[in-house]
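First the structure, in the form of structure tokens, and then the observations on it.
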Amino acid sequence: MRTNTLALILGDQLDRESALFEGLDKQRDTLWMAEVAEESTHVGTHKARIAIFLSAMRHFRDELRGAGWRVDYRELPAKSDGRTRVGSEETFAAALDDAIKRLRPERLAVVKPGEWRVERSLLKTAEEAGLPLEILDDTHFYTTPEDFARHAKGRKQVRLEYFYREVRQRHGVLMEGTGEGAQPIGGAWNFDKQNRGSFAKGGPGDLRSPRSTSPDSITEQVIALVNDRFADHPGELAAFDWPVTVADARRTLTDFIKHRLPNFGDYQDALWTDEPWLYHSRLSSAMNLKLLGPREVVAAAEQAYHDGHAPINAVEGFVRQIVGWREYVRGIYWNHMPGYVDRNTLGADGELPRFYWTGETDMECLRQAIGQTLELGYAHHIQRLMVTGLFALLLGVDPKRVHEWYLAVYVDAVEWVELPNTLGMSQYADGGLMASKPYCASGAYINRMSNYCKNCRYKPAKATGEDACPFTTLYWDFLARHQKRLTGNNRLTMQLKNVERKDKEELDTIRERAQELRERWA
């Protein structure tokens, strides 16, 4: 059957409000979706990440067909031998080429992909097929990459805070009044200083479990497929309960707003043993799959403030992650790819320790963060930035290896959002393009924000000796190694002065210990 437009829907574009549907004819045009092994194997992807994509795609396919659309859908064939080698028939380009030959479209259309790699592949396949390819703006977002480029033009440095303010003003988010006289609700743009609370010795107390989405028959089939075909991939699926439909995503949003948003502001940076969720939303995967739009999520948070249900530090802190960071990192990504992924300002070239794939380590904070990551495909932003990311930064791991791990293990990982957060903010590999300083800290930070150190054999205050916290040893070694490069960064002045106060003998001992640690995990 010949089709006029072959409209491509990618695995992270499950959006019924997408610009892709505008102008399409249900009788003449065809929607195309494909599951291909390449998308699960170009990095060794966590089983839960594979499952959430495949299940959400299949549910979306059925919803579209129920609405009368013609959907050409390629399911990933099962393999019973557990092998995951990619054959030529299992690449994205090959699957699209096959669809073009079968359906003989006159044109292709797609919403801008979330990965530069995928966009290049689509352009190449269309060119080889001699077909025009229209790449549409992704209207899911508040801004476009071009908006970010205009904001950045002429600035010596681009910083989140100013871009965030601009987006809030333009879209009237958490604002009082309209036009040029509009002011931020609460009298300040940013309540970050009120987002850094830690729990008292007794911890968070009894926490209500977040809403769980039980796998239906489609998800159960996907889980069986993933356990069979991708048996050698990291992670587990026994606890898989992520929302994979719009309805389930909305119920997850309602649950967060009602039960956890009020305390999110105070404790969004806090950590606690065996508590993976705390007051976090579990919404990032649904948003990155486009099951939920940011405007809907932000509106729900704003309403909670206006209803007196949640304080401003909670609502603004949550909104900042969506209207601020999420839009900001996308701008960084599309305005600096493809070269961004190869940036390595600090010259880090170490291997990622093997325990990142097993969770088998005697450092309690890493055991907790990596353990829940492998079990659930999830860790909240401070666990990613100030535990797993911080350790890799201090150890001197090649930032591209760190990026590949983050892209592989988290259910919400799509490269446009993951890469700048990992390579830029976490690893400072872009030299300050993403963030104004390296996020480096000793074990004292983790001890202040968690109870992890209480159950650990290492002492966060010690930098030398067998019981010294590896974070603390590597922290001083990191500052000493990069002292010349970082001098002049005003946000590190105090930390660098503390390095200068240490005598040569102490620094030599720290360097020797740091080298022993690097060799241990090489």
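Numbering starts fresh at 1 for the residues of each chain in the structure tokens, the chains themselves are lettered A, B, ... in the order given, and ligands are numbered from 1 as they appear.
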
Sel. of strand (DSSP E) residues, region 33-173 of chain A, as JSON, numbers by chain
{"A": [33, 34, 71, 72, 73, 74, 107, 108, 109, 110, 111, 133, 134, 135, 136]}

Export of prior selection with N, CA, C and O atoms as an mmCIF file, in the first residue's frame:
data_model
loop_
_atom_site.group_PDB
_atom_site.id
_atom_site.type_symbol
_atom_site.label_atom_id
_atom_site.label_comp_id
_atom_site.auth_asym_id
_atom_site.auth_seq_id
_atom_site.Cartn_x
_atom_site.Cartn_y
_atom_site.Cartn_z
ATOM 1 N N MET A 33 6.526 3.377 13.550
ATOM 2 C CA MET A 33 7.261 3.184 14.798
ATOM 3 C C MET A 33 8.034 1.876 14.702
ATOM 4 O O MET A 33 7.562 0.918 14.071
ATOM 5 N N ALA A 34 9.197 1.835 15.311
ATOM 6 C CA ALA A 34 10.009 0.617 15.210
ATOM 7 C C ALA A 34 10.802 0.389 16.482
ATOM 8 O O ALA A 34 11.398 1.318 17.039
ATOM 9 N N VAL A 71 -0.895 2.584 11.598
ATOM 10 C CA VAL A 71 0.409 2.557 12.255
ATOM 11 C C VAL A 71 1.184 1.350 11.743
ATOM 12 O O VAL A 71 0.765 0.198 11.910
ATOM 13 N N ASP A 72 2.298 1.625 11.094
ATOM 14 C CA ASP A 72 3.215 0.570 10.681
ATOM 15 C C ASP A 72 4.211 0.389 11.823
ATOM 16 O O ASP A 72 5.035 1.267 12.089
ATOM 17 N N TYR A 73 4.114 -0.745 12.506
ATOM 18 C CA TYR A 73 4.878 -0.937 13.746
ATOM 19 C C TYR A 73 5.738 -2.186 13.645
ATOM 20 O O TYR A 73 5.238 -3.266 13.330
ATOM 21 N N ARG A 74 7.013 -2.027 13.941
ATOM 22 C CA ARG A 74 7.933 -3.169 13.928
ATOM 23 C C ARG A 74 8.266 -3.555 15.358
ATOM 24 O O ARG A 74 8.893 -2.803 16.090
ATOM 25 N N ARG A 107 7.081 11.419 1.040
ATOM 26 C CA ARG A 107 7.865 12.281 1.931
ATOM 27 C C ARG A 107 7.929 11.668 3.319
ATOM 28 O O ARG A 107 7.109 10.801 3.662
ATOM 29 N N LEU A 108 8.885 12.136 4.100
ATOM 30 C CA LEU A 108 9.018 11.721 5.492
ATOM 31 C C LEU A 108 8.855 12.947 6.382
ATOM 32 O O LEU A 108 9.212 14.066 6.002
ATOM 33 N N ALA A 109 8.331 12.734 7.578
ATOM 34 C CA ALA A 109 8.223 13.820 8.559
ATOM 35 C C ALA A 109 8.535 13.264 9.938
ATOM 36 O O ALA A 109 8.207 12.105 10.248
ATOM 37 N N VAL A 110 9.180 14.071 10.768
ATOM 38 C CA VAL A 110 9.526 13.652 12.125
ATOM 39 C C VAL A 110 9.669 14.888 13.003
ATOM 40 O O VAL A 110 10.053 15.960 12.515
ATOM 41 N N VAL A 111 9.340 14.754 14.260
ATOM 42 C CA VAL A 111 9.642 15.802 15.238
ATOM 43 C C VAL A 111 11.125 15.688 15.588
ATOM 44 O O VAL A 111 11.699 14.599 15.594
ATOM 45 N N LEU A 133 12.756 15.089 3.901
ATOM 46 C CA LEU A 133 12.490 14.831 5.310
ATOM 47 C C LEU A 133 12.228 16.162 6.000
ATOM 48 O O LEU A 133 13.101 17.038 6.028
ATOM 49 N N GLU A 134 11.033 16.331 6.550
ATOM 50 C CA GLU A 134 10.701 17.537 7.297
ATOM 51 C C GLU A 134 10.916 17.273 8.778
ATOM 52 O O GLU A 134 10.327 16.342 9.349
ATOM 53 N N ILE A 135 11.781 18.073 9.420
ATOM 54 C CA ILE A 135 12.028 17.964 10.853
ATOM 55 C C ILE A 135 11.291 19.107 11.547
ATOM 56 O O ILE A 135 11.601 20.276 11.342
ATOM 57 N N LEU A 136 10.307 18.739 12.346
ATOM 58 C CA LEU A 136 9.419 19.706 12.987
ATOM 59 C C LEU A 136 9.924 20.081 14.377
ATOM 60 O O LEU A 136 10.539 19.274 15.071
#

Counting only C-alpha atoms, give me one row per residue of region 225-338 of chain A with an atom at most 8 Å from an atom of region 116-119 of chain A, showing the shortest contact pair and its distance in Å to one decimal, sorted by chain then residue number, as CSV.
residue,atom,partner,partner_atom,distance
A:Trp334,CA,A:Trp116,CA,7.7
A:Met337,CA,A:Trp116,CA,7.1
A:Pro338,CA,A:Trp116,CA,6.9

For Ala286 (chain A): contacts at 9 Å, only C-alpha atoms, fewer than 6 positions along chain excluded, given as a PDB file with all heavy atoms, in the first residue's frame:
ATOM      1  N   TRP A 242       6.882   1.405  36.499  1.00  0.00           N
ATOM      2  CA  TRP A 242       6.862   2.755  35.948  1.00  0.00           C
ATOM      3  C   TRP A 242       5.594   2.998  35.124  1.00  0.00           C
ATOM      4  O   TRP A 242       5.090   2.088  34.453  1.00  0.00           O
ATOM      5  CB  TRP A 242       8.096   2.975  35.068  1.00  0.00           C
ATOM      6  CG  TRP A 242       9.366   2.930  35.840  1.00  0.00           C
ATOM      7  CD1 TRP A 242      10.233   1.883  35.967  1.00  0.00           C
ATOM      8  CD2 TRP A 242       9.901   3.984  36.644  1.00  0.00           C
ATOM      9  NE1 TRP A 242      11.275   2.218  36.776  1.00  0.00           N
ATOM     10  CE2 TRP A 242      11.105   3.505  37.218  1.00  0.00           C
ATOM     11  CE3 TRP A 242       9.497   5.285  36.931  1.00  0.00           C
ATOM     12  CZ2 TRP A 242      11.899   4.279  38.055  1.00  0.00           C
ATOM     13  CZ3 TRP A 242      10.277   6.064  37.760  1.00  0.00           C
ATOM     14  CH2 TRP A 242      11.465   5.564  38.317  1.00  0.00           C
ATOM     15  N   PRO A 243       5.084   4.226  35.131  1.00  0.00           N
ATOM     16  CA  PRO A 243       3.930   4.544  34.270  1.00  0.00           C
ATOM     17  C   PRO A 243       4.329   4.493  32.803  1.00  0.00           C
ATOM     18  O   PRO A 243       5.357   5.044  32.411  1.00  0.00           O
ATOM     19  CB  PRO A 243       3.550   5.966  34.695  1.00  0.00           C
ATOM     20  CG  PRO A 243       4.786   6.544  35.308  1.00  0.00           C
ATOM     21  CD  PRO A 243       5.511   5.390  35.934  1.00  0.00           C
ATOM     22  N   VAL A 244       3.509   3.842  31.999  1.00  0.00           N
ATOM     23  CA  VAL A 244       3.808   3.688  30.569  1.00  0.00           C
ATOM     24  C   VAL A 244       2.662   4.172  29.691  1.00  0.00           C
ATOM     25  O   VAL A 244       2.692   3.982  28.478  1.00  0.00           O
ATOM     26  CB  VAL A 244       4.163   2.222  30.231  1.00  0.00           C
ATOM     27  CG1 VAL A 244       5.509   1.830  30.847  1.00  0.00           C
ATOM     28  CG2 VAL A 244       3.061   1.266  30.681  1.00  0.00           C
ATOM     29  N   THR A 245       1.645   4.779  30.291  1.00  0.00           N
ATOM     30  CA  THR A 245       0.544   5.375  29.545  1.00  0.00           C
ATOM     31  C   THR A 245       0.291   6.781  30.084  1.00  0.00           C
ATOM     32  O   THR A 245       0.706   7.119  31.203  1.00  0.00           O
ATOM     33  CB  THR A 245      -0.760   4.559  29.688  1.00  0.00           C
ATOM     34  OG1 THR A 245      -1.220   4.648  31.038  1.00  0.00           O
ATOM     35  CG2 THR A 245      -0.547   3.106  29.309  1.00  0.00           C
ATOM     36  N   VAL A 246      -0.424   7.583  29.305  1.00  0.00           N
ATOM     37  CA  VAL A 246      -0.777   8.932  29.748  1.00  0.00           C
ATOM     38  C   VAL A 246      -1.604   8.870  31.025  1.00  0.00           C
ATOM     39  O   VAL A 246      -1.374   9.648  31.973  1.00  0.00           O
ATOM     40  CB  VAL A 246      -1.549   9.674  28.646  1.00  0.00           C
ATOM     41  CG1 VAL A 246      -2.107  10.990  29.171  1.00  0.00           C
ATOM     42  CG2 VAL A 246      -0.653   9.925  27.439  1.00  0.00           C
ATOM     43  N   ALA A 249       0.587   8.053  33.963  1.00  0.00           N
ATOM     44  CA  ALA A 249       1.478   9.176  34.239  1.00  0.00           C
ATOM     45  C   ALA A 249       0.731  10.286  34.976  1.00  0.00           C
ATOM     46  O   ALA A 249       1.262  10.905  35.909  1.00  0.00           O
ATOM     47  CB  ALA A 249       2.078   9.704  32.945  1.00  0.00           C
ATOM     48  N   LEU A 292       3.710  12.950  29.494  1.00  0.00           N
ATOM     49  CA  LEU A 292       3.270  14.146  30.202  1.00  0.00           C
ATOM     50  C   LEU A 292       3.972  15.354  29.613  1.00  0.00           C
ATOM     51  O   LEU A 292       5.172  15.307  29.343  1.00  0.00           O
ATOM     52  CB  LEU A 292       3.620  14.062  31.693  1.00  0.00           C
ATOM     53  CG  LEU A 292       2.717  13.280  32.631  1.00  0.00           C
ATOM     54  CD1 LEU A 292       3.287  13.330  34.041  1.00  0.00           C
ATOM     55  CD2 LEU A 292       1.290  13.807  32.607  1.00  0.00           C
ATOM     56  N   GLY A 293       3.244  16.451  29.458  1.00  0.00           N
ATOM     57  CA  GLY A 293       3.850  17.683  28.994  1.00  0.00           C
ATOM     58  C   GLY A 293       4.268  18.550  30.164  1.00  0.00           C
ATOM     59  O   GLY A 293       3.640  18.524  31.228  1.00  0.00           O
ATOM     60  N   ASP A 412      15.021   7.322  32.722  1.00  0.00           N
ATOM     61  CA  ASP A 412      14.664   8.619  32.146  1.00  0.00           C
ATOM     62  C   ASP A 412      15.735   9.183  31.233  1.00  0.00           C
ATOM     63  O   ASP A 412      15.651  10.332  30.798  1.00  0.00           O
ATOM     64  CB  ASP A 412      14.358   9.626  33.256  1.00  0.00           C
ATOM     65  CG  ASP A 412      15.523   9.822  34.230  1.00  0.00           C
ATOM     66  OD1 ASP A 412      16.604   9.230  34.015  1.00  0.00           O
ATOM     67  OD2 ASP A 412      15.342  10.572  35.212  1.00  0.00           O
TER      68      ASP A 412
END

For Glu236 (chain A), which residue among A:Ile223, A:Ala480, A:Leu6, A:Val297 is the nearest when counting only C-alpha atoms?
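Checking each of A:Ile223, A:Ala480, A:Leu6, A:Val297 against Glu236 (chain A), counting only C-alpha atoms, the winner is A:Ile223.
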
Using only C-alpha atoms, determine which residues lie at most 9 Å from Ser55 (chain A), disregarding the query and same-chain residues fewer than 5 positions distant; provide the list as a short mmCIF file (atom, residue, chain, number, x, y, z; two decimals) with all heavy atoms, in the first residue's frame.
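File written: out.cif
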data_model
loop_
_atom_site.label_atom_id
_atom_site.label_comp_id
_atom_site.auth_asym_id
_atom_site.auth_seq_id
_atom_site.Cartn_x
_atom_site.Cartn_y
_atom_site.Cartn_z
N ILE A 50 15.06 -0.36 28.82
CA ILE A 50 14.54 -1.00 27.60
C ILE A 50 13.04 -1.24 27.75
O ILE A 50 12.25 -0.94 26.87
CB ILE A 50 15.27 -2.33 27.33
CG1 ILE A 50 16.78 -2.12 27.19
CG2 ILE A 50 14.71 -2.98 26.06
CD1 ILE A 50 17.57 -3.41 27.11
N PHE A 60 1.21 3.18 23.19
CA PHE A 60 0.91 4.33 22.34
C PHE A 60 0.45 3.87 20.96
O PHE A 60 -0.49 4.44 20.39
CB PHE A 60 2.16 5.21 22.23
CG PHE A 60 1.90 6.56 21.64
CD1 PHE A 60 1.06 7.47 22.26
CD2 PHE A 60 2.52 6.95 20.46
CE1 PHE A 60 0.82 8.73 21.73
CE2 PHE A 60 2.30 8.21 19.92
CZ PHE A 60 1.44 9.10 20.56
N ILE A 218 0.50 -6.12 28.34
CA ILE A 218 1.50 -5.64 27.39
C ILE A 218 2.85 -5.49 28.08
O ILE A 218 3.89 -5.93 27.55
CB ILE A 218 1.06 -4.29 26.78
CG1 ILE A 218 -0.17 -4.48 25.90
CG2 ILE A 218 2.21 -3.66 25.99
CD1 ILE A 218 -0.72 -3.18 25.33
N THR A 219 2.86 -4.89 29.25
CA THR A 219 4.12 -4.70 29.98
C THR A 219 4.71 -6.04 30.39
O THR A 219 5.94 -6.24 30.33
CB THR A 219 3.90 -3.81 31.21
OG1 THR A 219 3.36 -2.55 30.78
CG2 THR A 219 5.20 -3.57 31.95
N GLU A 220 3.87 -6.97 30.79
CA GLU A 220 4.37 -8.30 31.15
C GLU A 220 5.03 -8.99 29.96
O GLU A 220 6.07 -9.66 30.10
CB GLU A 220 3.22 -9.15 31.71
CG GLU A 220 2.78 -8.72 33.11
CD GLU A 220 1.58 -9.49 33.60
OE1 GLU A 220 0.95 -10.21 32.77
OE2 GLU A 220 1.25 -9.40 34.79
N GLN A 221 4.45 -8.84 28.77
CA GLN A 221 5.07 -9.41 27.56
C GLN A 221 6.42 -8.76 27.29
O GLN A 221 7.39 -9.44 26.91
CB GLN A 221 4.14 -9.21 26.37
CG GLN A 221 2.87 -10.04 26.42
CD GLN A 221 1.86 -9.65 25.34
OE1 GLN A 221 2.15 -8.81 24.48
NE2 GLN A 221 0.67 -10.23 25.40
N VAL A 222 6.50 -7.45 27.49
CA VAL A 222 7.75 -6.74 27.28
C VAL A 222 8.80 -7.20 28.29
O VAL A 222 9.97 -7.43 27.94
CB VAL A 222 7.54 -5.21 27.37
CG1 VAL A 222 8.87 -4.49 27.49
CG2 VAL A 222 6.77 -4.73 26.15
N ILE A 223 8.41 -7.33 29.54
CA ILE A 223 9.34 -7.78 30.57
C ILE A 223 9.91 -9.16 30.22
O ILE A 223 11.11 -9.41 30.34
CB ILE A 223 8.65 -7.79 31.95
CG1 ILE A 223 8.44 -6.35 32.43
CG2 ILE A 223 9.47 -8.58 32.97
CD1 ILE A 223 7.60 -6.24 33.70
N VAL A 244 3.51 3.84 32.00
CA VAL A 244 3.81 3.69 30.57
C VAL A 244 2.66 4.17 29.69
O VAL A 244 2.69 3.98 28.48
CB VAL A 244 4.16 2.22 30.23
CG1 VAL A 244 5.51 1.83 30.85
CG2 VAL A 244 3.06 1.27 30.68
N THR A 245 1.64 4.78 30.29
CA THR A 245 0.54 5.37 29.54
C THR A 245 0.29 6.78 30.08
O THR A 245 0.71 7.12 31.20
CB THR A 245 -0.76 4.56 29.69
OG1 THR A 245 -1.22 4.65 31.04
CG2 THR A 245 -0.55 3.11 29.31
#
